[in-house]
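One file, structure15.txt, carrying compact mmCIF, C-alpha atoms (C1' of nucleotides):
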# COMPACT_ATOMS: atom_id res chain seq x y z
CA MET A 13 91.93 0.65 48.58
CA SER A 14 89.60 3.41 47.45
CA PHE A 15 88.27 5.64 50.18
CA GLU A 16 90.40 4.01 52.84
CA PHE A 17 91.57 6.53 55.37
CA GLU A 18 94.91 6.27 57.11
CA VAL A 19 95.81 8.37 60.10
CA VAL A 20 99.54 8.87 59.80
CA ALA A 21 100.11 11.06 62.84
CA THR A 22 98.25 12.60 65.73
CA ASP A 23 99.10 15.55 67.92
CA GLY A 24 96.59 16.07 70.69
CA ASN A 25 93.23 15.79 68.99
CA ALA A 26 94.67 16.93 65.66
CA ARG A 27 95.45 14.31 63.05
CA ALA A 28 97.30 14.04 59.79
CA GLY A 29 96.13 11.40 57.37
CA ILE A 30 95.64 10.24 53.83
CA LEU A 31 92.28 9.66 52.20
CA HIS A 32 92.53 7.44 49.13
CA THR A 33 90.15 8.14 46.25
CA PRO A 34 89.84 6.91 42.67
CA HIS A 35 91.22 10.27 41.54
CA GLY A 36 94.18 10.39 43.86
CA ASP A 37 95.22 10.50 47.46
CA ILE A 38 94.19 13.42 49.61
CA PRO A 39 96.61 14.40 52.35
CA THR A 40 94.58 15.56 55.33
CA PRO A 41 93.79 17.92 56.87
CA VAL A 42 92.60 19.32 53.56
CA PHE A 43 90.81 22.47 52.51
CA ALA A 44 88.48 22.15 49.52
CA PRO A 45 87.71 25.26 47.49
CA VAL A 46 84.15 25.37 46.21
CA GLY A 47 83.32 25.07 42.52
CA THR A 48 79.58 25.57 42.61
CA ALA A 49 78.86 25.52 38.90
CA ALA A 50 81.60 23.04 38.00
CA THR A 51 84.26 25.72 38.28
CA VAL A 52 86.13 27.25 41.17
CA LYS A 53 85.07 30.73 40.20
CA ALA A 54 87.76 32.50 38.20
CA VAL A 55 90.44 29.84 38.82
CA PRO A 56 91.31 27.28 36.11
CA PRO A 57 92.06 23.67 37.14
CA ARG A 58 95.67 24.15 36.02
CA ASP A 59 96.19 26.60 38.87
CA LEU A 60 94.47 24.32 41.36
CA GLU A 61 96.91 21.60 40.33
CA GLU A 62 99.87 23.92 40.77
CA LEU A 63 98.63 24.86 44.23
CA ASN A 64 98.34 21.16 45.14
CA ILE A 65 94.65 21.42 45.93
CA GLY A 66 93.61 18.06 47.31
CA LEU A 67 89.86 18.23 46.86
CA VAL A 68 87.30 20.39 45.06
CA LEU A 69 83.62 20.68 45.98
CA ALA A 70 80.83 21.08 43.45
CA ASN A 71 77.16 21.71 44.07
CA THR A 72 74.48 19.18 43.32
CA TYR A 73 71.64 21.70 43.46
CA HIS A 74 73.24 24.13 41.02
CA LEU A 75 74.44 21.50 38.55
CA HIS A 76 71.12 19.68 38.62
CA LEU A 77 69.36 22.89 37.59
CA ARG A 78 72.05 23.91 35.12
CA PRO A 79 73.33 22.35 32.93
CA GLY A 80 71.56 19.25 34.29
CA ASP A 81 73.11 16.16 35.84
CA GLU A 82 72.01 13.99 32.89
CA LEU A 83 74.02 16.17 30.55
CA VAL A 84 77.05 15.99 32.81
CA ARG A 85 76.78 12.19 32.78
CA GLU A 86 76.53 12.18 28.98
CA MET A 87 79.59 14.40 28.82
CA GLY A 88 81.56 11.79 30.70
CA GLY A 89 81.00 12.93 34.27
CA LEU A 90 82.02 15.95 36.27
CA HIS A 91 85.78 15.31 36.24
CA SER A 92 85.89 15.18 32.49
CA PHE A 93 83.33 17.93 32.02
CA MET A 94 85.16 20.49 34.17
CA GLY A 95 88.68 19.35 33.36
CA TRP A 96 89.63 18.58 36.96
CA ASN A 97 91.13 15.14 37.38
CA GLY A 98 91.70 15.34 41.11
CA PRO A 99 89.30 14.28 43.84
CA LEU A 100 85.82 15.80 43.75
CA LEU A 101 83.05 16.01 46.32
CA THR A 102 79.46 16.99 45.71
CA ASP A 103 77.15 18.25 48.43
CA SER A 104 73.65 16.83 48.49
CA GLY A 105 71.62 19.87 47.51
CA GLY A 106 69.96 19.92 50.89
CA PHE A 107 71.60 23.10 52.07
CA GLN A 108 70.76 25.04 48.91
CA VAL A 109 67.14 23.97 49.01
CA PHE A 110 66.88 25.49 52.45
CA SER A 111 69.07 28.51 51.92
CA LEU A 112 68.14 29.51 48.36
CA GLY A 113 64.68 28.10 47.80
CA GLU A 114 62.17 30.82 48.42
CA ILE A 115 59.03 28.76 48.44
CA ASN A 116 59.48 25.25 49.61
CA ARG A 117 57.55 22.56 51.36
CA ILE A 118 59.35 20.09 53.55
CA ASP A 119 57.81 16.74 54.27
CA ASP A 120 59.18 13.50 55.59
CA GLU A 121 59.97 12.25 52.11
CA GLY A 122 61.80 15.25 50.72
CA VAL A 123 61.58 18.88 49.72
CA THR A 124 59.55 20.69 47.07
CA PHE A 125 61.01 23.99 46.05
CA ARG A 126 61.26 26.49 43.27
CA SER A 127 64.28 26.88 41.06
CA HIS A 128 66.08 30.13 41.78
CA LEU A 129 66.83 30.29 38.04
CA ASP A 130 63.39 30.14 36.48
CA GLY A 131 60.93 29.57 39.31
CA SER A 132 59.93 26.14 38.08
CA ALA A 133 58.77 23.61 40.68
CA LYS A 134 61.35 21.00 41.63
CA ARG A 135 61.46 18.17 44.08
CA LEU A 136 64.44 16.64 45.81
CA THR A 137 64.37 13.47 47.85
CA PRO A 138 67.18 11.35 49.30
CA ALA A 139 66.92 8.89 46.42
CA ARG A 140 66.83 11.69 43.86
CA SER A 141 69.86 13.36 45.41
CA MET A 142 71.75 10.07 45.17
CA GLU A 143 70.71 9.64 41.56
CA ILE A 144 71.83 13.15 40.67
CA GLN A 145 75.14 12.76 42.49
CA GLN A 146 75.71 9.43 40.74
CA ASN A 147 75.14 11.15 37.42
CA LEU A 148 77.62 13.85 38.38
CA GLY A 149 80.15 11.22 39.41
CA ALA A 150 82.15 12.91 42.18
CA ASP A 151 84.39 10.72 44.31
CA ILE A 152 82.65 11.66 47.54
CA ILE A 153 78.92 12.26 47.72
CA MET A 154 76.92 13.61 50.64
CA ALA A 155 73.74 12.41 52.26
CA PHE A 156 70.65 14.54 51.73
CA ASP A 157 70.09 16.41 54.98
CA GLN A 158 68.17 19.28 56.52
CA CYS A 159 70.14 22.21 57.91
CA PRO A 160 68.10 23.88 60.65
CA ASN A 161 68.37 27.27 62.27
CA PRO A 162 71.14 26.34 64.71
CA SER A 163 69.61 28.05 67.74
CA ASP A 164 66.03 26.82 67.31
CA ARG A 165 65.81 23.68 69.37
CA ASP A 166 62.47 22.47 67.99
CA GLU A 167 63.65 22.98 64.45
CA ALA A 168 66.98 21.28 65.17
CA GLN A 169 65.12 18.34 66.69
CA ALA A 170 62.85 18.02 63.67
CA ALA A 171 65.79 18.40 61.29
CA ASN A 172 67.62 15.62 63.11
CA GLU A 173 64.72 13.24 62.64
CA ARG A 174 64.46 14.01 58.93
CA THR A 175 68.20 13.92 58.40
CA HIS A 176 68.40 10.51 60.06
CA ARG A 177 65.44 9.12 58.15
CA TRP A 178 66.89 10.44 54.93
CA LEU A 179 70.32 8.94 55.64
CA ARG A 180 68.74 5.48 55.58
CA ARG A 181 67.11 6.27 52.26
CA CYS A 182 70.41 7.52 50.87
CA ARG A 183 72.21 4.34 51.93
CA GLU A 184 69.47 2.23 50.33
CA ALA A 185 69.72 4.22 47.11
CA HIS A 186 73.52 4.10 47.18
CA PRO A 187 74.28 0.71 48.72
CA ASP A 188 78.00 0.38 48.03
CA ASP A 189 80.97 2.71 48.00
CA ASN A 190 82.92 1.06 45.21
CA GLN A 191 82.85 4.03 42.86
CA GLN A 192 81.63 6.85 45.06
CA ALA A 193 81.85 7.10 48.82
CA LEU A 194 78.78 8.27 50.71
CA PHE A 195 79.38 10.50 53.72
CA GLY A 196 76.73 11.00 56.40
CA ILE A 197 75.97 14.31 58.05
CA VAL A 198 75.49 15.04 61.74
CA GLN A 199 73.06 17.84 62.59
CA GLY A 200 71.69 19.09 65.91
CA GLY A 201 72.18 22.85 65.93
CA VAL A 202 74.14 24.15 68.91
CA PHE A 203 72.55 21.69 71.34
CA PRO A 204 75.02 19.12 72.73
CA ASP A 205 72.42 16.43 73.38
CA LEU A 206 70.97 16.76 69.88
CA ARG A 207 74.44 16.69 68.36
CA GLN A 208 75.39 13.61 70.31
CA ALA A 209 72.14 11.88 69.43
CA SER A 210 72.69 12.71 65.80
CA ALA A 211 76.30 11.52 65.87
CA ARG A 212 75.22 8.25 67.49
CA PHE A 213 72.56 7.66 64.88
CA VAL A 214 74.64 8.62 61.88
CA THR A 215 77.66 6.58 62.91
CA GLU A 216 75.49 3.49 63.33
CA THR A 217 75.45 3.46 59.55
CA ASP A 218 78.77 2.30 58.14
CA LEU A 219 80.01 5.14 55.98
CA LYS A 220 83.37 6.15 54.56
CA GLY A 221 83.27 9.48 56.29
CA TYR A 222 81.21 11.61 58.63
CA ALA A 223 80.41 15.26 58.25
CA ILE A 224 79.40 17.89 60.75
CA GLY A 225 76.77 20.05 59.12
CA GLY A 226 74.72 22.97 60.27
CA LEU A 227 77.59 25.09 61.56
CA ALA A 228 78.86 28.47 60.42
CA VAL A 229 75.27 29.34 59.64
CA GLY A 230 74.69 32.16 62.10
CA GLU A 231 75.85 30.91 65.47
CA THR A 232 78.86 32.52 67.18
CA LYS A 233 82.34 31.14 66.85
CA PRO A 234 82.50 30.05 70.51
CA GLU A 235 79.21 28.21 69.97
CA MET A 236 80.66 26.52 66.91
CA TYR A 237 83.82 25.45 68.78
CA LEU A 238 81.82 24.16 71.75
CA THR A 239 79.59 22.20 69.39
CA LEU A 240 82.68 20.64 67.81
CA ASP A 241 83.94 19.75 71.27
CA GLU A 242 80.67 17.96 71.97
CA THR A 243 80.35 16.26 68.59
CA ILE A 244 83.77 15.06 67.47
CA PRO A 245 84.33 12.62 70.35
CA CYS A 246 81.20 10.80 69.12
CA LEU A 247 82.74 10.20 65.68
CA PRO A 248 84.95 7.17 64.93
CA GLN A 249 88.70 7.71 64.95
CA GLU A 250 89.25 5.66 61.81
CA ARG A 251 87.03 7.68 59.49
CA PRO A 252 87.58 11.15 58.04
CA ARG A 253 85.65 14.00 59.64
CA TYR A 254 84.36 16.76 57.46
CA LEU A 255 83.30 20.14 58.82
CA MET A 256 81.01 21.54 56.15
CA GLY A 257 81.16 25.12 55.00
CA VAL A 258 83.92 26.25 57.31
CA GLY A 259 87.08 27.87 56.12
CA GLU A 260 88.13 31.09 57.82
CA PRO A 261 91.81 30.77 58.72
CA ASP A 262 91.22 30.85 62.48
CA ASP A 263 88.38 28.34 62.16
CA LEU A 264 90.70 25.95 60.31
CA VAL A 265 93.09 26.03 63.26
CA GLU A 266 90.27 25.52 65.74
CA GLY A 267 88.76 22.73 63.67
CA ILE A 268 91.98 20.85 63.02
CA GLY A 269 92.92 21.19 66.66
CA ARG A 270 89.69 19.39 67.51
CA GLY A 271 90.22 16.59 65.01
CA VAL A 272 88.60 17.74 61.77
CA ASP A 273 90.15 16.37 58.57
CA ILE A 274 88.22 17.99 55.73
CA PHE A 275 86.89 21.51 55.21
CA ASP A 276 85.22 23.32 52.36
CA CYS A 277 84.33 26.94 52.06
CA VAL A 278 83.39 29.58 49.54
CA ILE A 279 85.20 32.22 51.50
CA PRO A 280 88.52 32.45 49.64
CA THR A 281 86.81 32.99 46.30
CA ARG A 282 83.87 35.03 47.54
CA LEU A 283 86.09 37.37 49.52
CA ALA A 284 88.31 37.70 46.49
CA ARG A 285 85.40 38.89 44.39
CA HIS A 286 84.76 41.52 47.01
CA GLY A 287 88.39 42.61 47.09
CA ALA A 288 89.44 41.03 50.39
CA ALA A 289 92.60 38.99 50.84
CA PHE A 290 94.01 36.78 53.57
CA THR A 291 97.36 37.67 55.09
CA HIS A 292 99.20 36.31 58.10
CA ASP A 293 98.45 39.65 59.74
CA GLY A 294 94.72 39.28 59.23
CA ARG A 295 92.29 39.91 56.44
CA ILE A 296 92.77 43.05 54.40
CA ASN A 297 90.35 44.83 52.10
CA LEU A 298 92.40 45.69 49.04
CA ARG A 299 89.74 48.20 48.03
CA ASN A 300 90.82 50.46 50.88
CA ALA A 301 92.38 53.74 49.85
CA LYS A 302 95.42 53.09 52.03
CA PHE A 303 96.63 50.55 49.46
CA LYS A 304 96.49 53.03 46.58
CA ALA A 305 100.28 53.29 46.34
CA ASP A 306 101.31 50.16 48.26
CA GLU A 307 104.07 48.51 46.26
CA THR A 308 104.21 45.32 48.34
CA ALA A 309 102.64 41.98 47.49
CA ILE A 310 99.54 40.86 49.37
CA ASP A 311 101.52 38.60 51.70
CA ALA A 312 105.29 38.26 51.52
CA ALA A 313 105.09 34.71 52.87
CA LEU A 314 103.39 33.41 49.74
CA ASN A 315 104.83 32.73 46.34
CA ASN A 316 102.12 32.27 43.75
CA TYR A 317 101.39 34.01 40.47
CA ALA A 318 99.54 36.82 42.25
CA SER A 319 102.61 37.48 44.39
CA ARG A 320 104.34 39.36 41.59
CA PHE A 321 101.70 42.10 41.62
CA SER A 322 101.55 45.02 44.02
CA ARG A 323 98.63 45.77 46.30
CA ALA A 324 98.36 49.07 44.44
CA TYR A 325 97.87 47.27 41.14
CA LEU A 326 95.39 44.80 42.61
CA ARG A 327 93.45 47.66 44.15
CA HIS A 328 93.32 49.34 40.77
CA LEU A 329 91.98 46.15 39.19
CA ILE A 330 89.29 45.88 41.84
CA VAL A 331 88.20 49.49 41.55
CA ALA A 332 88.17 49.22 37.77
CA LYS A 333 86.21 45.96 38.04
CA GLU A 334 88.78 44.25 35.87
CA LEU A 335 88.31 40.50 35.57
CA LEU A 336 91.96 39.80 36.36
CA ALA A 337 91.29 40.98 39.93
CA TYR A 338 88.96 38.04 40.55
CA TYR A 339 91.50 35.57 39.23
CA LEU A 340 94.55 36.88 41.06
CA ILE A 341 92.94 37.41 44.44
CA SER A 342 91.06 34.12 44.30
CA LEU A 343 94.34 32.41 43.48
CA HIS A 344 96.01 34.13 46.40
CA ASN A 345 93.28 33.31 48.91
CA ILE A 346 93.11 29.66 47.89
CA ASP A 347 96.89 29.42 48.08
CA PHE A 348 96.83 31.02 51.54
CA LEU A 349 94.37 28.46 52.92
CA ALA A 350 96.05 25.52 51.18
CA ARG A 351 99.48 26.47 52.56
CA HIS A 352 97.95 27.18 55.97
CA VAL A 353 96.42 23.69 56.16
CA GLU A 354 99.54 22.10 54.67
CA SER A 355 101.63 23.80 57.36
CA MET A 356 99.34 22.44 60.03
CA ARG A 357 99.68 18.93 58.57
CA ARG A 358 103.47 19.20 58.76
CA ALA A 359 103.19 20.57 62.29
CA ILE A 360 101.02 17.65 63.38
CA ILE A 361 103.50 15.16 61.95
CA ALA A 362 106.30 16.99 63.77
CA GLY A 363 104.31 17.08 66.98
CA LYS A 364 104.22 20.87 66.88
CA PHE A 365 100.61 21.66 66.13
CA ARG A 366 100.12 23.69 69.27
CA GLU A 367 103.20 25.75 68.50
CA TYR A 368 101.81 26.55 65.08
CA ALA A 369 98.42 27.47 66.50
CA VAL A 370 99.74 29.82 69.19
CA LYS A 371 101.97 31.48 66.62
CA PHE A 372 99.37 31.81 63.90
CA LEU A 373 96.24 32.81 65.77
CA PRO A 374 97.35 35.92 67.70
CA ARG A 375 99.00 37.35 64.62
CA TYR A 376 96.09 36.60 62.31
CA LEU A 377 93.52 37.85 64.81
CA ARG A 378 95.78 40.85 65.60
CA LEU A 379 95.60 40.28 69.31
CA ASP A 380 97.74 42.64 71.35
CA LEU A 381 99.40 40.26 73.79
CA THR A 382 101.18 43.04 75.65
CA THR A 383 97.94 44.21 77.23
CA GLU A 384 96.87 40.78 78.40
C1' G B 1084 77.14 92.85 18.79
C1' U B 1085 71.66 91.33 19.69
C1' G B 1086 68.19 87.83 21.76
C1' G B 1087 67.45 83.47 24.57
C1' G B 1088 68.77 79.06 27.73
C1' C B 1089 71.70 77.18 31.67
C1' G B 1090 75.03 77.95 36.27
C1' U B 1091 72.80 73.71 43.03
C1' A B 1092 77.68 67.95 46.25
C1' G B 1093 83.55 65.41 42.43
C1' C B 1094 79.74 64.13 38.01
C1' U B 1095 74.47 64.08 36.07
C1' C B 1096 70.37 66.45 37.93
C1' A B 1097 65.87 67.50 41.58
C1' A B 1098 63.67 71.01 44.96
C1' U B 1099 54.81 76.27 44.78
C1' G B 1100 59.04 82.03 47.94
C1' G B 1101 58.99 78.00 53.63
C1' C B 1102 64.16 72.42 57.16
C1' A B 1103 68.89 72.19 50.13
C1' G B 1104 67.87 66.35 48.14
C1' A B 1105 68.62 61.88 44.79
C1' G B 1106 71.52 58.71 41.61
C1' C B 1107 76.47 57.83 40.44
C1' A B 1108 81.47 58.56 42.25
C1' C B 1109 84.43 58.58 46.73
C1' C B 1110 85.33 56.52 51.94
C1' U B 1111 84.30 52.45 55.66
C1' G B 1112 82.15 47.85 57.12
C1' A B 1113 79.55 43.00 56.19
C1' U B 1114 79.51 38.17 53.41
C1' U B 1115 81.56 30.53 56.32
C1' G B 1116 77.92 23.07 52.55
C1' U B 1117 78.64 30.38 46.61
C1' G B 1118 75.83 35.68 46.71
C1' G B 1119 81.18 38.81 40.66
C1' U B 1120 75.91 43.35 39.33
C1' U B 1121 74.42 42.48 46.93
C1' C B 1122 73.55 44.87 51.67
C1' A B 1123 74.53 48.57 55.52
C1' G B 1124 76.78 53.02 57.02
C1' G B 1125 79.65 57.53 56.05
C1' C B 1126 82.09 62.01 53.80
C1' G B 1127 80.40 65.68 50.70
C1' G B 1128 77.09 72.63 49.80
C1' U B 1129 78.87 80.55 51.27
C1' U B 1130 72.97 77.07 45.49
C1' G B 1131 78.96 81.10 40.05
C1' A B 1132 79.87 86.24 42.42
C1' G B 1133 77.85 90.97 44.38
C1' G B 1134 73.65 93.82 45.72
C1' G B 1135 68.20 94.37 46.36
C1' U B 1136 62.79 92.97 47.56
C1' U B 1137 60.63 89.89 51.53
C1' C B 1138 59.15 87.70 58.14
C1' G B 1139 61.73 84.27 54.90
C1' A B 1140 65.32 83.79 48.37
C1' G B 1141 68.26 78.04 45.02
C1' C B 1142 63.53 80.29 43.26
C1' C B 1143 61.60 87.23 42.38
C1' C B 1144 64.48 92.07 40.76
C1' C B 1145 69.34 94.55 39.35
C1' U B 1146 74.58 94.16 38.23
C1' U B 1147 78.46 91.05 36.95
C1' C B 1148 81.21 86.55 35.52
C1' G B 1149 81.10 81.85 33.01
C1' U B 1150 78.91 78.65 29.48
C1' C B 1151 75.74 76.98 25.43
C1' C B 1152 72.33 78.02 21.33
C1' A B 1153 70.19 81.13 17.56
C1' C B 1154 70.57 85.47 14.66
C1' C B 1155 73.70 89.60 12.50
Do you think you could lay out the structure here as structure tokens?
Amino acid sequence: MSFEFEVVATDGNARAGILHTPHGDIPTPVFAPVGTAATVKAVPPRDLEELNIGLVLANTYHLHLRPGDELVREMGGLHSFMGWNGPLLTDSGGFQVFSLGEINRIDDEGVTFRSHLDGSAKRLTPARSMEIQQNLGADIIMAFDQCPNPSDRDEAQAANERTHRWLRRCREAHPDDNQQALFGIVQGGVFPDLRQASARFVTETDLKGYAIGGLAVGETKPEMYLTLDETIPCLPQERPRYLMGVGEPDDLVEGIGRGVDIFDCVIPTRLARHGAAFTHDGRINLRNAKFKADETAIDAALNNYASRFSRAYLRHLIVAKELLAYYLISLHNIDFLARHVESMRRAIIAGKFREYAVKFLPRYLRLDLTTE
RNA sequence: GUGGGCGUAGCUCAAUGGCAGAGCACCUGAUUGUGGUUCAGGCGGUUGAGGGUUCGAGCCCCUUCGUCCACC
């Protein structure tokens, strides 16, 4: 039963489903907040439970360096260690090696890089990534991949070849999905033929889910949407599709409308730490002086613990660099995205996804329809 | 009362007699498989006041106001 995926409803290309995991069922589409260092920054697991968060992502690279995946295993695994008993996913470490590692050498077997913490030399290979992720013990683990510059065709081509080669190694090192499900990752930059070739290769390997990587890394939104249009039809209907690193509210609508089931993104918590909050009328920067005496809540449509506080108070907390600001705004932003995705799931089941999208997007993007 | 120091952006302070600046604060923007201390941009001045010397004064001279210190 574990890791089986049921599609319970479709509406156009959008689907509503259930992904079964050893730590509970995940209703999809789902948005996963990111807990890099075994914590969704500033938000305790209790709150994530109250917000009905279906999935949390943790980072292999960061946890391998600190506190160490061996320690996490000794402490009973990531669920126990971080006090989150719901479904967990770990990324492979590939993205961080490329985005954080200052000095690194890529070869066909893996990546040599320097720790961003102490500069010590480290090496990550597909087999090593699997070993680390097994030590961490998340429900879903990701193949070790290479994320190229999306608009550099030669680099995207080379990254495809490595990513595909490495997927085989990952499957060999993690041969069954009894305890942890391995997801493969499609690369290919913004080039349709490379994406399709990657999707063909990756889906030849039987995996519990397929991810689309290498997006939201510098390309434009239209490029990202077109790439999804080209890629998703190459993925099997009966497996969950995971768009990695994407989570702006409009992108969630665009992704779900194209058939994506799983998202993760740092944006709700990162924006919160910079004082920005999601509302149905678009993103607001609570640091702005215009909120100095604003007695309203961030977004009247939400009802979470942050809802009882005024924008004026939250602005004060941000300006004063009070820790409570990080907690309350992170809570709000995660709630916003969770309710947003939950609403889309209900809309899909009711056959009203398009209605939701055409209502949500113009308001969120603040489009003036009267001039069109 | 006498002697001395200091008065420059909201704050702390720079600036040989030669285009008045910096840091912080304030204001605005950015952040998509994490980047709480980051980055970018912007607002901001009758240099305490008045007079003088000079081609030219934040700087030199005089007066005055404020402030701090020391000594009667």
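For the pair atom CA of A:Asn297 and atom CA of A:Tyr376, the separation is 14.3 Å.
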| request: Pick out the chain A residues within 9 Å of chain B. Count only C-alpha atoms (C1' of nucleotides). Give them as a PyMOL selection string. | output: chain A and resi 46-48+53+71+103-108+225-229+255-260+276-279+281-283+285-286+300-301+335+338
| request: Would you work out the distance separating atom C1' of B:A1108 from atom C1' of B:G1093, expressed in Å to one decimal? | output: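 Interatomic distance, atom C1' of B:A1108 to atom C1' of B:G1093: 7.2 Å.
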| query | Could you state the separation of atom CA of A:Ile224 and atom CA of A:Arg253 in Å, given to one decimal place? | reply | 7.4 Å
Box dimensions and centre (Å, one decimal) enclosing stretch 1128-1131 of chain B, axis-aligned, 4 Å extra per side, as AutoDock Vina command-line options:
--center_x 76.0 --center_y 76.9 --center_z 45.7 --size_x 14.0 --size_y 16.5 --size_z 19.2
| Could you name the residues that touch stretch 1138-1140 of chain B at 12 Å or less, counting only C-alpha atoms (C1' of nucleotides), but leaving out those on the same chain fewer than 3 positions away, as a PyMOL selection string? | chain B and resi 1100-1101+1130+1135+1143-1144
N, CA and C atoms restored at stretch 302-318 of chain A, emitted as an mmCIF file, in the frame of the given file:
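Full text of rebuild-v2.cif as output:
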data_model
loop_
_atom_site.group_PDB
_atom_site.id
_atom_site.type_symbol
_atom_site.label_atom_id
_atom_site.label_comp_id
_atom_site.auth_asym_id
_atom_site.auth_seq_id
_atom_site.Cartn_x
_atom_site.Cartn_y
_atom_site.Cartn_z
ATOM 1 N N LYS A 302 94.051 53.119 51.506
ATOM 2 C CA LYS A 302 95.420 53.090 52.030
ATOM 3 C C LYS A 302 96.354 52.215 51.189
ATOM 4 N N PHE A 303 95.793 51.399 50.307
ATOM 5 C CA PHE A 303 96.630 50.550 49.460
ATOM 6 C C PHE A 303 96.888 51.167 48.082
ATOM 7 N N LYS A 304 96.434 52.394 47.893
ATOM 8 C CA LYS A 304 96.490 53.030 46.580
ATOM 9 C C LYS A 304 97.906 53.025 45.988
ATOM 10 N N ALA A 305 98.892 53.236 46.836
ATOM 11 C CA ALA A 305 100.280 53.290 46.340
ATOM 12 C C ALA A 305 101.162 52.294 47.083
ATOM 13 N N ASP A 306 100.558 51.184 47.518
ATOM 14 C CA ASP A 306 101.310 50.160 48.260
ATOM 15 C C ASP A 306 101.996 49.229 47.261
ATOM 16 N N GLU A 307 103.317 49.271 47.250
ATOM 17 C CA GLU A 307 104.070 48.510 46.260
ATOM 18 C C GLU A 307 104.310 47.060 46.668
ATOM 19 N N THR A 308 103.917 46.680 47.880
ATOM 20 C CA THR A 308 104.210 45.320 48.340
ATOM 21 C C THR A 308 103.177 44.329 47.823
ATOM 22 N N ALA A 309 103.564 43.056 47.854
ATOM 23 C CA ALA A 309 102.640 41.980 47.490
ATOM 24 C C ALA A 309 101.642 41.800 48.633
ATOM 25 N N ILE A 310 100.587 41.040 48.355
ATOM 26 C CA ILE A 310 99.540 40.860 49.370
ATOM 27 C C ILE A 310 100.141 40.302 50.655
ATOM 28 N N ASP A 311 100.920 39.225 50.523
ATOM 29 C CA ASP A 311 101.520 38.600 51.700
ATOM 30 C C ASP A 311 102.893 38.066 51.292
ATOM 31 N N ALA A 312 103.922 38.605 51.910
ATOM 32 C CA ALA A 312 105.290 38.260 51.520
ATOM 33 C C ALA A 312 105.593 36.780 51.742
ATOM 34 N N ALA A 313 104.814 36.110 52.570
ATOM 35 C CA ALA A 313 105.090 34.710 52.870
ATOM 36 C C ALA A 313 104.670 33.775 51.747
ATOM 37 N N LEU A 314 103.875 34.269 50.806
ATOM 38 C CA LEU A 314 103.390 33.410 49.740
ATOM 39 C C LEU A 314 104.151 33.647 48.451
ATOM 40 N N ASN A 315 104.135 32.626 47.609
ATOM 41 C CA ASN A 315 104.830 32.730 46.340
ATOM 42 C C ASN A 315 103.995 32.076 45.251
ATOM 43 N N ASN A 316 102.945 32.761 44.853
ATOM 44 C CA ASN A 316 102.120 32.270 43.750
ATOM 45 C C ASN A 316 102.095 33.327 42.656
ATOM 46 N N TYR A 317 101.356 33.073 41.598
ATOM 47 C CA TYR A 317 101.390 34.010 40.470
ATOM 48 C C TYR A 317 100.923 35.408 40.859
ATOM 49 N N ALA A 318 100.028 35.502 41.833
ATOM 50 C CA ALA A 318 99.540 36.820 42.250
ATOM 51 C C ALA A 318 100.609 37.586 43.029
#
